[in-house]
>>> print(open('protein.txt').read())   # compact mmCIF, C-alpha atoms
# COMPACT_ATOMS: atom_id res chain seq x y z
CA MET A 1 6.40 18.71 -17.73
CA LYS A 2 3.47 18.11 -15.36
CA GLN A 3 3.82 14.36 -15.91
CA ILE A 4 7.55 14.48 -15.12
CA PHE A 5 6.80 16.47 -11.98
CA TYR A 6 4.15 13.93 -11.00
CA PHE A 7 6.65 11.07 -11.29
CA ILE A 8 9.27 12.96 -9.27
CA LEU A 9 6.68 13.35 -6.51
CA LEU A 10 5.67 9.70 -6.83
CA ILE A 11 9.26 8.53 -6.40
CA ALA A 12 9.89 11.00 -3.57
CA GLY A 13 6.90 9.65 -1.71
CA PHE A 14 8.52 6.23 -1.72
CA SER A 15 11.92 7.22 -0.29
CA SER A 16 13.55 9.49 2.27
CA ILE A 17 16.64 9.78 4.47
CA HIS A 18 16.77 7.08 7.11
CA SER A 19 18.17 6.15 10.50
CA CYS A 20 17.23 3.69 13.20
CA LYS A 21 17.29 4.07 16.98
CA ASN A 22 16.69 1.71 19.86
CA LEU A 23 12.92 1.44 20.33
CA LEU A 24 10.31 -0.04 22.62
CA ASP A 25 7.42 -2.16 21.46
CA GLU A 26 3.80 -1.43 22.44
CA ASP A 27 4.32 -3.36 25.70
CA GLY A 28 7.38 -1.31 26.65
CA ASN A 29 9.88 -4.06 25.86
CA PRO A 30 13.17 -2.97 24.28
CA LEU A 31 13.68 -3.73 20.60
CA LEU A 32 17.00 -4.42 18.98
CA ASP A 33 18.47 -1.86 16.62
CA LEU A 34 18.80 -4.33 13.78
CA ASN A 35 21.16 -2.07 11.83
CA ASN A 36 23.81 -2.39 14.53
CA THR A 37 23.27 -5.91 15.87
CA GLY A 38 22.95 -9.43 14.64
CA GLY A 39 19.16 -9.18 14.77
CA LEU A 40 16.61 -11.56 16.21
CA ASN A 41 16.78 -15.31 16.46
CA GLY A 42 13.70 -17.45 15.98
CA PRO A 43 10.16 -16.42 14.96
CA ARG A 44 9.62 -12.71 14.42
CA ALA A 45 6.97 -10.17 13.48
CA LEU A 46 7.30 -6.91 11.58
CA TYR A 47 6.81 -4.12 14.12
CA ARG A 48 7.64 -0.76 12.53
CA GLU A 49 8.51 0.94 9.25
CA ILE A 50 10.36 4.16 10.05
CA THR A 51 12.37 6.98 8.50
CA ALA A 52 14.48 9.63 10.23
CA LYS A 53 11.40 11.84 10.51
CA ASP A 54 8.37 9.61 10.74
CA THR A 55 6.94 6.26 11.72
CA LEU A 56 5.31 5.13 8.50
CA ALA A 57 3.61 2.10 10.00
CA GLU A 58 3.38 0.37 13.37
CA TYR A 59 1.88 -3.12 13.55
CA HIS A 60 -0.02 -4.45 16.55
CA TYR A 61 -0.81 -8.12 17.10
CA SER A 62 -3.16 -10.42 18.94
CA GLY A 63 -1.14 -13.59 19.23
CA LEU A 64 0.17 -14.30 15.73
CA LEU A 65 -2.41 -12.14 13.92
CA VAL A 66 -1.85 -8.49 13.02
CA THR A 67 -4.99 -6.67 14.14
CA LYS A 68 -4.14 -2.97 13.95
CA VAL A 69 -1.82 -0.79 11.87
CA ILE A 70 -1.08 2.80 12.87
CA THR A 71 0.23 4.94 10.01
CA ASP A 72 0.98 8.63 9.30
CA SER A 73 -1.00 11.27 11.20
CA ALA A 74 -2.37 8.68 13.62
CA SER A 75 -4.34 6.96 10.87
CA ILE A 76 -5.64 3.59 12.04
CA THR A 77 -6.34 0.38 10.14
CA ASP A 78 -8.32 -2.23 12.09
CA ILE A 79 -8.19 -5.82 10.84
CA MET A 80 -10.82 -8.45 11.68
CA TYR A 81 -10.63 -12.19 11.06
CA SER A 82 -12.84 -15.19 10.50
CA GLY A 83 -10.59 -17.99 11.67
CA ASP A 84 -7.17 -17.21 10.26
CA LYS A 85 -8.52 -15.28 7.24
CA ILE A 86 -9.06 -11.53 7.09
CA SER A 87 -12.78 -10.81 6.84
CA GLN A 88 -12.88 -7.02 7.22
CA ILE A 89 -10.52 -4.06 7.18
CA SER A 90 -11.57 -0.61 8.38
CA PHE A 91 -9.47 2.53 7.86
CA ASN A 92 -9.85 5.96 9.41
CA GLY A 93 -7.32 8.67 8.71
CA PHE A 94 -5.42 10.36 5.91
CA LEU A 95 -4.05 9.16 2.58
CA ASP A 96 -2.06 10.58 -0.32
CA LEU A 97 -4.91 10.29 -2.81
CA ASP A 98 -3.39 12.52 -5.51
CA GLY A 99 0.10 11.00 -5.46
CA ASN A 100 1.99 14.22 -4.70
CA GLY A 101 4.00 12.66 -1.87
CA LYS A 102 2.02 14.38 0.91
CA LEU A 103 -0.98 13.26 2.91
CA ASP A 104 -4.18 15.01 1.84
CA LYS A 105 -5.95 17.26 4.31
CA ASP A 106 -9.20 15.51 3.46
CA SER A 107 -9.81 12.59 5.82
CA VAL A 108 -10.87 9.16 4.59
CA SER A 109 -12.91 6.40 6.17
CA TYR A 110 -13.53 3.07 4.48
CA THR A 111 -14.56 -0.47 5.23
CA GLN A 112 -13.57 -3.43 3.06
CA LEU A 113 -15.31 -6.82 3.21
CA PHE A 114 -13.32 -9.86 2.03
CA ASN A 115 -14.96 -12.83 0.33
CA TYR A 116 -13.23 -16.15 -0.39
CA GLY A 117 -13.92 -18.90 -2.91
CA ASN A 118 -14.23 -22.63 -2.33
CA ASN A 119 -10.45 -22.92 -2.73
CA SER A 120 -9.97 -20.48 0.18
CA LYS A 121 -8.48 -17.91 -2.20
CA LEU A 122 -9.51 -14.29 -1.88
CA GLN A 123 -12.17 -13.69 -4.55
CA THR A 124 -13.68 -10.23 -4.08
CA ILE A 125 -13.30 -7.14 -1.92
CA SER A 126 -16.26 -4.79 -1.58
CA GLU A 127 -15.57 -1.32 -0.23
CA ASN A 128 -17.62 1.59 1.08
CA ARG A 129 -15.64 4.81 1.39
CA SER A 130 -16.43 8.28 2.74
CA ILE A 131 -14.23 11.33 2.16
CA PHE A 132 -14.45 14.33 4.46
CA ARG A 133 -13.25 17.91 3.98
CA ARG A 134 -12.96 20.78 6.45
CA THR A 135 -15.30 23.69 5.80
CA PRO A 136 -13.47 26.95 5.04
CA PRO A 137 -13.16 29.56 7.81
CA VAL A 138 -15.74 32.34 7.97
CA LEU A 139 -12.97 34.91 8.33
CA PRO A 140 -9.35 34.53 7.16
CA THR A 141 -8.20 34.64 10.78
CA ASP A 142 -10.62 31.89 11.88
CA PRO A 143 -9.56 28.24 12.06
CA PRO A 144 -10.98 25.84 9.47
CA GLY A 145 -14.33 24.32 10.30
CA PRO A 146 -15.00 20.66 11.16
CA GLN A 147 -14.61 17.79 8.74
CA THR A 148 -17.84 17.39 6.77
CA LEU A 149 -18.83 14.70 4.31
CA LEU A 150 -17.58 15.51 0.80
CA ARG A 151 -18.64 12.35 -1.03
CA LYS A 152 -19.31 8.64 -0.65
CA GLU A 153 -17.96 5.98 -2.99
CA LYS A 154 -18.41 2.27 -3.58
CA SER A 155 -15.84 -0.04 -5.13
CA LEU A 156 -15.81 -3.71 -6.02
CA TYR A 157 -12.54 -5.57 -6.65
CA ARG A 158 -12.38 -8.95 -8.34
CA ILE A 159 -9.21 -10.86 -7.44
CA VAL A 160 -7.96 -13.46 -9.93
CA TYR A 161 -5.25 -16.04 -9.27
CA ASN A 162 -3.38 -18.04 -11.90
CA PRO A 163 -4.84 -21.58 -11.73
CA VAL A 164 -1.45 -23.16 -12.45
CA THR A 165 0.95 -21.08 -10.33
CA ALA A 166 -1.58 -19.89 -7.71
CA LYS A 167 0.01 -16.42 -7.94
CA LEU A 168 -2.01 -13.21 -8.02
CA ASP A 169 -2.82 -12.69 -11.71
CA SER A 170 -5.04 -9.61 -11.90
CA ILE A 171 -7.36 -7.25 -10.04
CA ASP A 172 -10.38 -5.70 -11.75
CA MET A 173 -11.98 -2.70 -10.09
CA LYS A 174 -15.35 -0.98 -10.54
CA ASN A 175 -16.00 2.29 -8.74
CA GLY A 176 -18.73 4.90 -8.49
CA VAL A 177 -19.88 7.87 -6.43
CA GLU A 178 -23.11 7.69 -4.47
CA VAL A 179 -25.48 10.51 -5.44
CA THR A 180 -28.43 11.24 -3.18
CA GLY A 181 -31.76 10.63 -4.87
CA THR A 182 -30.38 8.51 -7.72
CA SER A 183 -29.76 4.79 -8.15
CA PHE A 184 -26.15 3.85 -7.61
CA ALA A 185 -24.13 2.81 -10.66
CA PHE A 186 -20.47 2.00 -11.19
CA THR A 187 -18.94 4.55 -13.56
CA ASN A 188 -15.16 3.95 -13.49
CA TYR A 189 -12.94 0.91 -13.86
CA SER A 190 -9.34 -0.17 -13.61
CA LYS A 191 -7.55 -3.35 -14.60
CA THR A 192 -4.29 -4.44 -13.04
CA ALA A 193 -2.14 -7.29 -14.39
CA TYR A 194 0.82 -8.89 -12.61
CA SER A 195 3.86 -10.61 -14.16
CA TYR A 196 6.56 -12.55 -12.32
CA THR A 197 10.14 -13.68 -12.47
CA GLY A 198 10.15 -16.77 -10.32
CA ASP A 199 8.09 -15.89 -7.26
CA ASN A 200 8.84 -12.16 -7.44
CA VAL A 201 6.66 -9.52 -9.08
CA SER A 202 8.52 -8.17 -12.11
CA ASN A 203 5.90 -5.99 -13.79
CA VAL A 204 2.55 -4.44 -12.94
CA ILE A 205 0.40 -2.68 -15.54
CA ARG A 206 -2.71 -0.78 -14.49
CA HIS A 207 -5.05 1.16 -16.72
CA TYR A 208 -8.07 3.26 -15.86
CA GLY A 209 -11.11 4.61 -17.65
CA LEU A 210 -14.85 5.08 -17.75
CA ILE A 211 -16.88 1.86 -17.93
CA ASN A 212 -17.50 0.73 -21.53
CA ASN A 213 -14.81 3.11 -22.79
CA ALA A 214 -11.14 2.83 -23.73
CA PRO A 215 -8.65 3.50 -20.92
CA THR A 216 -7.55 7.09 -20.41
CA LYS A 217 -4.58 6.35 -18.12
CA LYS A 218 -2.07 3.52 -18.20
CA TYR A 219 1.00 3.01 -16.00
CA SER A 220 3.67 0.34 -15.85
CA TYR A 221 5.68 -0.52 -12.75
CA ASP A 222 8.80 -2.65 -13.17
CA TYR A 223 10.96 -4.31 -10.50
CA TYR A 224 14.53 -5.40 -11.24
CA ALA A 225 17.61 -6.98 -9.73
CA TYR A 226 16.02 -8.89 -6.88
CA ASP A 227 18.28 -10.08 -4.08
CA ASP A 228 17.94 -13.53 -2.49
CA GLN A 229 17.20 -12.19 1.01
CA ILE A 230 13.86 -12.09 2.86
CA SER A 231 11.42 -9.22 2.45
CA PRO A 232 9.91 -7.90 5.70
CA PHE A 233 6.50 -8.02 4.02
CA THR A 234 6.57 -11.83 3.97
CA LEU A 235 5.53 -11.49 7.62
CA LEU A 236 2.22 -9.80 6.73
CA PRO A 237 -0.98 -11.47 5.46
CA GLN A 238 -1.48 -11.45 1.69
CA ALA A 239 -5.00 -10.03 2.02
CA TYR A 240 -3.71 -7.08 4.05
CA LYS A 241 -1.02 -6.39 1.44
CA ILE A 242 -3.62 -6.35 -1.33
CA SER A 243 -5.76 -3.99 0.76
CA ARG A 244 -2.76 -1.71 1.21
CA LEU A 245 -2.22 -1.58 -2.56
CA LEU A 246 -5.89 -0.70 -3.06
CA SER A 247 -5.95 2.08 -0.46
CA THR A 248 -5.40 4.62 -3.25
CA ILE A 249 -5.73 4.24 -7.01
CA ILE A 250 -2.05 5.10 -7.53
CA ASN A 251 -0.50 2.88 -4.85
CA ASP A 252 0.68 0.18 -7.28
CA LYS A 253 4.24 1.46 -6.86
CA GLU A 254 4.27 -0.59 -3.64
CA SER A 255 3.60 -3.87 -5.46
CA LEU A 256 7.06 -5.07 -4.41
CA ILE A 257 5.43 -5.93 -1.06
CA LEU A 258 3.93 -8.98 -2.79
CA SER A 259 7.39 -10.45 -3.45
CA PRO A 260 9.36 -12.73 -1.11
CA ASN A 261 12.62 -10.97 -2.04
CA ASN A 262 13.68 -7.34 -2.46
CA PRO A 263 14.20 -5.46 -5.78
CA LYS A 264 17.25 -3.21 -5.91
CA ARG A 265 15.66 -1.12 -8.66
CA TRP A 266 12.13 -0.21 -9.66
CA SER A 267 10.60 2.16 -12.18
CA VAL A 268 7.29 3.74 -13.14
CA THR A 269 6.33 4.61 -16.71
CA ASP A 270 3.39 6.59 -18.08
CA LEU A 271 2.35 4.54 -21.10
CA THR A 272 -0.07 7.12 -22.46
CA VAL A 273 2.54 9.67 -23.59
CA PRO A 274 3.95 9.48 -27.16
CA ILE A 275 7.43 8.46 -25.94
CA PRO A 276 7.20 6.68 -22.58
CA VAL A 277 10.22 7.29 -20.37
CA PRO A 278 10.62 5.29 -17.15
CA VAL A 279 11.60 7.04 -13.94
CA VAL A 280 13.94 4.72 -12.08
CA ARG A 281 14.73 4.44 -8.37
CA SER A 282 17.43 2.23 -6.82
CA THR A 283 18.73 1.34 -3.38
CA ASN A 284 21.39 -0.58 -1.48
CA TYR A 285 19.82 -2.84 1.12
CA ALA A 286 20.98 -3.75 4.61
CA TYR A 287 20.19 -7.13 6.20
CA ASP A 288 20.49 -8.89 9.53
CA LEU A 289 22.22 -12.21 10.13
CA GLN A 290 18.98 -14.10 9.52
CA THR A 291 18.88 -12.54 5.99
CA TYR A 292 15.86 -10.34 6.67
CA MET A 293 16.04 -6.95 4.98
CA THR A 294 16.36 -4.13 7.53
CA LYS A 295 16.85 -1.03 5.39
CA GLY A 296 16.01 0.03 1.85
CA TYR A 297 14.57 2.92 -0.16
CA GLY A 298 14.92 5.22 2.83
CA VAL A 299 12.92 3.03 5.20
CA ASN A 300 14.12 1.03 8.20
CA TYR A 301 12.25 -2.13 9.18
CA ILE A 302 12.06 -2.99 12.88
CA TYR A 303 11.16 -6.48 14.05
CA LYS A 304 10.04 -7.94 17.34
CA PRO A 305 10.07 -11.52 18.67
CA GLN A 306 6.91 -13.42 17.79
>>> encode(input="protein.txt", output="structure tokens")
Amino acid sequence: MKQIFYFILLIAGFSSIHSCKNLLDEDGNPLLDLNNTGGLNGPRALYREITAKDTLAEYHYSGLLVTKVITDSASITDIMYSGDKISQISFNGFLDLDGNGKLDKDSVSYTQLFNYGNNSKLQTISENRSIFRRTPPVLPTDPPGPQTLLRKEKSLYRIVYNPVTAKLDSIDMKNGVEVTGTSFAFTNYSKTAYSYTGDNVSNVIRHYGLINNAPTKKYSYDYYAYDDQISPFTLLPQAYKISRLLSTIINDKESLILSPNNPKRWSVTDLTVPIPVPVVRSTNYAYDLQTYMTKGYGVNYIYKPQ
């Protein structure tokens, strides 16, 4: 029952009621309501992901490069480049670390460093992360205390591409907690494998465990019935999208952002239970005249001229 409840929360965190109003960009220029107009002509950039209640993400640019993303609860992702390649991503804010569909009250700060191989493909991501928690009030009527350091973690991600197709093939993760007075050691691992139908991600399997031990958790994410229209995430750098997937250890449900098209159905399955049962979610998309997707799974996508 707890596993079923977990999946209900996981799905709920991915969808909500939606609407779209006329908006202004960060410079005060009016944006088109793409649900009621023909949309933009010419080059464009993804500007906002919104629901009826919240702005899930707002993208800021320097020229053609996205340099800042503002997400829920004023969380901020800063993106740095070396040439046209992402070299560092820093995040400060709040995440849904436990997958219950709500942002945790603990705040998170992390920095990721991106390393590329001789073929210019992303090869590794090294991450240092700090998690902060408010101290409890002295008296029940007092406000909570300030955010204080709860723990520090290190992670190393190895990114593997298929040598024939050049598509993302797998991501191997090692993770450990820093303990004062002891030598650091990685203690946990995860392995993620990607399968495709054409250029679109069709299946993602991720399993987790303690290093040198069999996995204790294993989940499968499947994406079906792709359309032939353009995903808004094609406008974002691949390295940023991978970083977004790695922001929590249960964010693989968003792996559809790696695809050029849009799946009308997706599911998540716990493969560790005796009889795995997928939990399925579906949507009907809306598009503009330039075939960019503008609405799906409860989220509206707002574009701006590039």
>>> residues_near_point(input="protein.txt", point="(-18.5, 3.5, -15.7)", cutoff="10 Å", atoms="all atoms listed in the file", output="PyMOL selection string")
chain A and resi 174-176+185-189+209-213
>>> closest_atom_pairs(input="protein.txt", of="range 169-240 of chain A", to="range 119-140 of chain A", cutoff="10 Å", atoms="all atoms listed in the file", output="CSV")
residue,atom,partner,partner_atom,distance
A:Ile171,CA,A:Thr124,CA,9.2
A:Asp172,CA,A:Thr124,CA,9.5
A:Met173,CA,A:Ile125,CA,9.4
A:Lys174,CA,A:Ser126,CA,9.8
A:Asn175,CA,A:Glu127,CA,9.3
A:Val177,CA,A:Arg129,CA,9.4
A:Glu178,CA,A:Ser130,CA,9.8
A:Gln238,CA,A:Leu122,CA,9.2
A:Ala239,CA,A:Leu122,CA,7.3
>>> residues_near_point(input="protein.txt", point="(12.9, 6.1, -16.8)", cutoff="12 Å", atoms="all atoms listed in the file", output="list in words")
Ile4, Phe7, Ile8, Ile11, Ser220, Tyr221, Asp222, Arg265, Trp266, Ser267, Val268, Thr269, Asp270, Leu271, Ile275, Pro276, Val277, Pro278, Val279, Val280, Arg281 and Ser282 of chain A
>>> atom_distance(input="protein.txt", atom1="CA of Asp142 in chain A", atom2="CA of Ala74 in chain A")
24.7 Å
>>> residues_around(input="protein.txt", residues="range 60-66 of chain A", least_positions_apart="4", cutoff="9 Å", atoms="all atoms listed in the file", output="PyMOL selection string")
chain A and resi 26+45+47+70+79+81+84+236-237+306
>>> write_last_selection(input="protein.txt", atoms="C-alpha atoms", output="tab-separated table (two decimals), keeping the file's coordinate frame")
chain	number	residue	atom	x	y	z
A	26	GLU	CA	3.80	-1.43	22.44
A	45	ALA	CA	6.97	-10.17	13.48
A	47	TYR	CA	6.81	-4.12	14.12
A	70	ILE	CA	-1.08	2.80	12.87
A	79	ILE	CA	-8.19	-5.82	10.84
A	81	TYR	CA	-10.63	-12.19	11.06
A	84	ASP	CA	-7.17	-17.21	10.26
A	236	LEU	CA	2.22	-9.80	6.73
A	237	PRO	CA	-0.98	-11.47	5.46
A	306	GLN	CA	6.91	-13.42	17.79
>>> closest_residue(input="protein.txt", among="A:Asp252, A:Leu235, A:Thr77, A:Pro146", to="Lys105 in chain A", atoms="all atoms listed in the file")
A:Pro146
>>> residues_around(input="protein.txt", residues="Asn284 in chain A", least_positions_apart="6", cutoff="10 Å", atoms="all atoms listed in the file", output="list of chain:residue names")
A:Pro263, A:Lys264, A:Arg265, A:Lys295, A:Gly296, A:Tyr297, A:Gly298
>>> decode(input="protein.txt", residues="range 50-62 of chain A", atoms="all heavy atoms", output="PDB file, in the first residue's frame")
ATOM      1  N   ILE A  50       4.653  26.734 -16.650  1.00  0.00           N
ATOM      2  CA  ILE A  50       3.716  27.219 -15.646  1.00  0.00           C
ATOM      3  C   ILE A  50       2.516  26.302 -15.528  1.00  0.00           C
ATOM      4  O   ILE A  50       2.164  25.578 -16.455  1.00  0.00           O
ATOM      5  CB  ILE A  50       3.238  28.654 -15.949  1.00  0.00           C
ATOM      6  CG1 ILE A  50       2.394  28.687 -17.226  1.00  0.00           C
ATOM      7  CG2 ILE A  50       4.402  29.627 -16.054  1.00  0.00           C
ATOM      8  CD1 ILE A  50       1.743  30.035 -17.470  1.00  0.00           C
ATOM      9  N   THR A  51       1.882  26.331 -14.333  1.00  0.00           N
ATOM     10  CA  THR A  51       0.577  25.731 -14.111  1.00  0.00           C
ATOM     11  C   THR A  51      -0.365  26.850 -13.692  1.00  0.00           C
ATOM     12  O   THR A  51       0.019  28.025 -13.665  1.00  0.00           O
ATOM     13  CB  THR A  51       0.636  24.650 -13.018  1.00  0.00           C
ATOM     14  OG1 THR A  51       0.883  25.284 -11.755  1.00  0.00           O
ATOM     15  CG2 THR A  51       1.733  23.634 -13.311  1.00  0.00           C
ATOM     16  N   ALA A  52      -1.596  26.502 -13.342  1.00  0.00           N
ATOM     17  CA  ALA A  52      -2.551  27.508 -12.891  1.00  0.00           C
ATOM     18  C   ALA A  52      -2.110  28.159 -11.592  1.00  0.00           C
ATOM     19  O   ALA A  52      -2.482  29.298 -11.295  1.00  0.00           O
ATOM     20  CB  ALA A  52      -3.934  26.866 -12.706  1.00  0.00           C
ATOM     21  N   LYS A  53      -1.305  27.428 -10.793  1.00  0.00           N
ATOM     22  CA  LYS A  53      -0.934  27.918  -9.471  1.00  0.00           C
ATOM     23  C   LYS A  53       0.490  28.421  -9.381  1.00  0.00           C
ATOM     24  O   LYS A  53       0.801  29.272  -8.547  1.00  0.00           O
ATOM     25  CB  LYS A  53      -1.142  26.805  -8.436  1.00  0.00           C
ATOM     26  CG  LYS A  53      -2.586  26.373  -8.275  1.00  0.00           C
ATOM     27  CD  LYS A  53      -2.712  25.276  -7.223  1.00  0.00           C
ATOM     28  CE  LYS A  53      -4.158  24.852  -7.041  1.00  0.00           C
ATOM     29  NZ  LYS A  53      -4.293  23.779  -6.020  1.00  0.00           N
ATOM     30  N   ASP A  54       1.382  27.858 -10.167  1.00  0.00           N
ATOM     31  CA  ASP A  54       2.802  28.121  -9.953  1.00  0.00           C
ATOM     32  C   ASP A  54       3.546  28.330 -11.264  1.00  0.00           C
ATOM     33  O   ASP A  54       3.121  27.855 -12.321  1.00  0.00           O
ATOM     34  CB  ASP A  54       3.465  26.947  -9.217  1.00  0.00           C
ATOM     35  CG  ASP A  54       2.878  26.717  -7.844  1.00  0.00           C
ATOM     36  OD1 ASP A  54       2.978  27.629  -7.008  1.00  0.00           O
ATOM     37  OD2 ASP A  54       2.305  25.635  -7.624  1.00  0.00           O
ATOM     38  N   THR A  55       4.665  29.020 -11.159  1.00  0.00           N
ATOM     39  CA  THR A  55       5.676  29.010 -12.212  1.00  0.00           C
ATOM     40  C   THR A  55       6.699  27.953 -11.833  1.00  0.00           C
ATOM     41  O   THR A  55       7.416  28.088 -10.852  1.00  0.00           O
ATOM     42  CB  THR A  55       6.356  30.381 -12.349  1.00  0.00           C
ATOM     43  OG1 THR A  55       5.387  31.352 -12.753  1.00  0.00           O
ATOM     44  CG2 THR A  55       7.462  30.328 -13.387  1.00  0.00           C
ATOM     45  N   LEU A  56       6.751  26.881 -12.600  1.00  0.00           N
ATOM     46  CA  LEU A  56       7.649  25.774 -12.282  1.00  0.00           C
ATOM     47  C   LEU A  56       9.083  26.101 -12.642  1.00  0.00           C
ATOM     48  O   LEU A  56      10.013  25.661 -11.959  1.00  0.00           O
ATOM     49  CB  LEU A  56       7.199  24.511 -13.009  1.00  0.00           C
ATOM     50  CG  LEU A  56       5.763  24.043 -12.738  1.00  0.00           C
ATOM     51  CD1 LEU A  56       5.488  22.761 -13.507  1.00  0.00           C
ATOM     52  CD2 LEU A  56       5.522  23.845 -11.251  1.00  0.00           C
ATOM     53  N   ALA A  57       9.264  26.841 -13.735  1.00  0.00           N
ATOM     54  CA  ALA A  57      10.614  27.199 -14.158  1.00  0.00           C
ATOM     55  C   ALA A  57      10.550  28.444 -15.024  1.00  0.00           C
ATOM     56  O   ALA A  57       9.629  28.603 -15.839  1.00  0.00           O
ATOM     57  CB  ALA A  57      11.270  26.055 -14.931  1.00  0.00           C
ATOM     58  N   GLU A  58      11.520  29.322 -14.844  1.00  0.00           N
ATOM     59  CA  GLU A  58      11.667  30.517 -15.670  1.00  0.00           C
ATOM     60  C   GLU A  58      13.118  30.595 -16.107  1.00  0.00           C
ATOM     61  O   GLU A  58      14.024  30.575 -15.276  1.00  0.00           O
ATOM     62  CB  GLU A  58      11.267  31.771 -14.899  1.00  0.00           C
ATOM     63  CG  GLU A  58      11.374  33.041 -15.722  1.00  0.00           C
ATOM     64  CD  GLU A  58      10.873  34.249 -14.958  1.00  0.00           C
ATOM     65  OE1 GLU A  58       9.650  34.347 -14.742  1.00  0.00           O
ATOM     66  OE2 GLU A  58      11.718  35.089 -14.562  1.00  0.00           O
ATOM     67  N   TYR A  59      13.336  30.670 -17.422  1.00  0.00           N
ATOM     68  CA  TYR A  59      14.679  30.600 -17.996  1.00  0.00           C
ATOM     69  C   TYR A  59      15.159  31.991 -18.393  1.00  0.00           C
ATOM     70  O   TYR A  59      14.442  32.742 -19.054  1.00  0.00           O
ATOM     71  CB  TYR A  59      14.676  29.676 -19.218  1.00  0.00           C
ATOM     72  CG  TYR A  59      14.264  28.256 -18.880  1.00  0.00           C
ATOM     73  CD1 TYR A  59      12.933  27.860 -18.941  1.00  0.00           C
ATOM     74  CD2 TYR A  59      15.203  27.318 -18.476  1.00  0.00           C
ATOM     75  CE1 TYR A  59      12.545  26.565 -18.619  1.00  0.00           C
ATOM     76  CE2 TYR A  59      14.836  26.016 -18.156  1.00  0.00           C
ATOM     77  CZ  TYR A  59      13.506  25.651 -18.227  1.00  0.00           C
ATOM     78  OH  TYR A  59      13.123  24.372 -17.902  1.00  0.00           O
ATOM     79  N   HIS A  60      16.387  32.308 -18.003  1.00  0.00           N
ATOM     80  CA  HIS A  60      16.996  33.587 -18.334  1.00  0.00           C
ATOM     81  C   HIS A  60      18.228  33.339 -19.198  1.00  0.00           C
ATOM     82  O   HIS A  60      18.965  32.366 -18.980  1.00  0.00           O
ATOM     83  CB  HIS A  60      17.373  34.346 -17.061  1.00  0.00           C
ATOM     84  CG  HIS A  60      16.182  34.765 -16.250  1.00  0.00           C
ATOM     85  ND1 HIS A  60      15.781  36.071 -16.130  1.00  0.00           N
ATOM     86  CD2 HIS A  60      15.290  34.032 -15.533  1.00  0.00           C
ATOM     87  CE1 HIS A  60      14.705  36.144 -15.373  1.00  0.00           C
ATOM     88  NE2 HIS A  60      14.382  34.907 -14.987  1.00  0.00           N
ATOM     89  N   TYR A  61      18.471  34.244 -20.137  1.00  0.00           N
ATOM     90  CA  TYR A  61      19.474  34.023 -21.172  1.00  0.00           C
ATOM     91  C   TYR A  61      20.463  35.175 -21.234  1.00  0.00           C
ATOM     92  O   TYR A  61      20.146  36.327 -20.911  1.00  0.00           O
ATOM     93  CB  TYR A  61      18.793  33.877 -22.540  1.00  0.00           C
ATOM     94  CG  TYR A  61      17.893  32.676 -22.632  1.00  0.00           C
ATOM     95  CD1 TYR A  61      16.595  32.714 -22.143  1.00  0.00           C
ATOM     96  CD2 TYR A  61      18.336  31.479 -23.213  1.00  0.00           C
ATOM     97  CE1 TYR A  61      15.758  31.613 -22.221  1.00  0.00           C
ATOM     98  CE2 TYR A  61      17.510  30.377 -23.296  1.00  0.00           C
ATOM     99  CZ  TYR A  61      16.229  30.444 -22.804  1.00  0.00           C
ATOM    100  OH  TYR A  61      15.409  29.343 -22.870  1.00  0.00           O
ATOM    101  N   SER A  62      21.665  34.839 -21.676  1.00  0.00           N
ATOM    102  CA  SER A  62      22.649  35.826 -22.103  1.00  0.00           C
ATOM    103  C   SER A  62      22.932  35.519 -23.565  1.00  0.00           C
ATOM    104  O   SER A  62      23.606  34.529 -23.879  1.00  0.00           O
ATOM    105  CB  SER A  62      23.927  35.727 -21.260  1.00  0.00           C
ATOM    106  OG  SER A  62      24.916  36.615 -21.745  1.00  0.00           O
TER     107      SER A  62
END
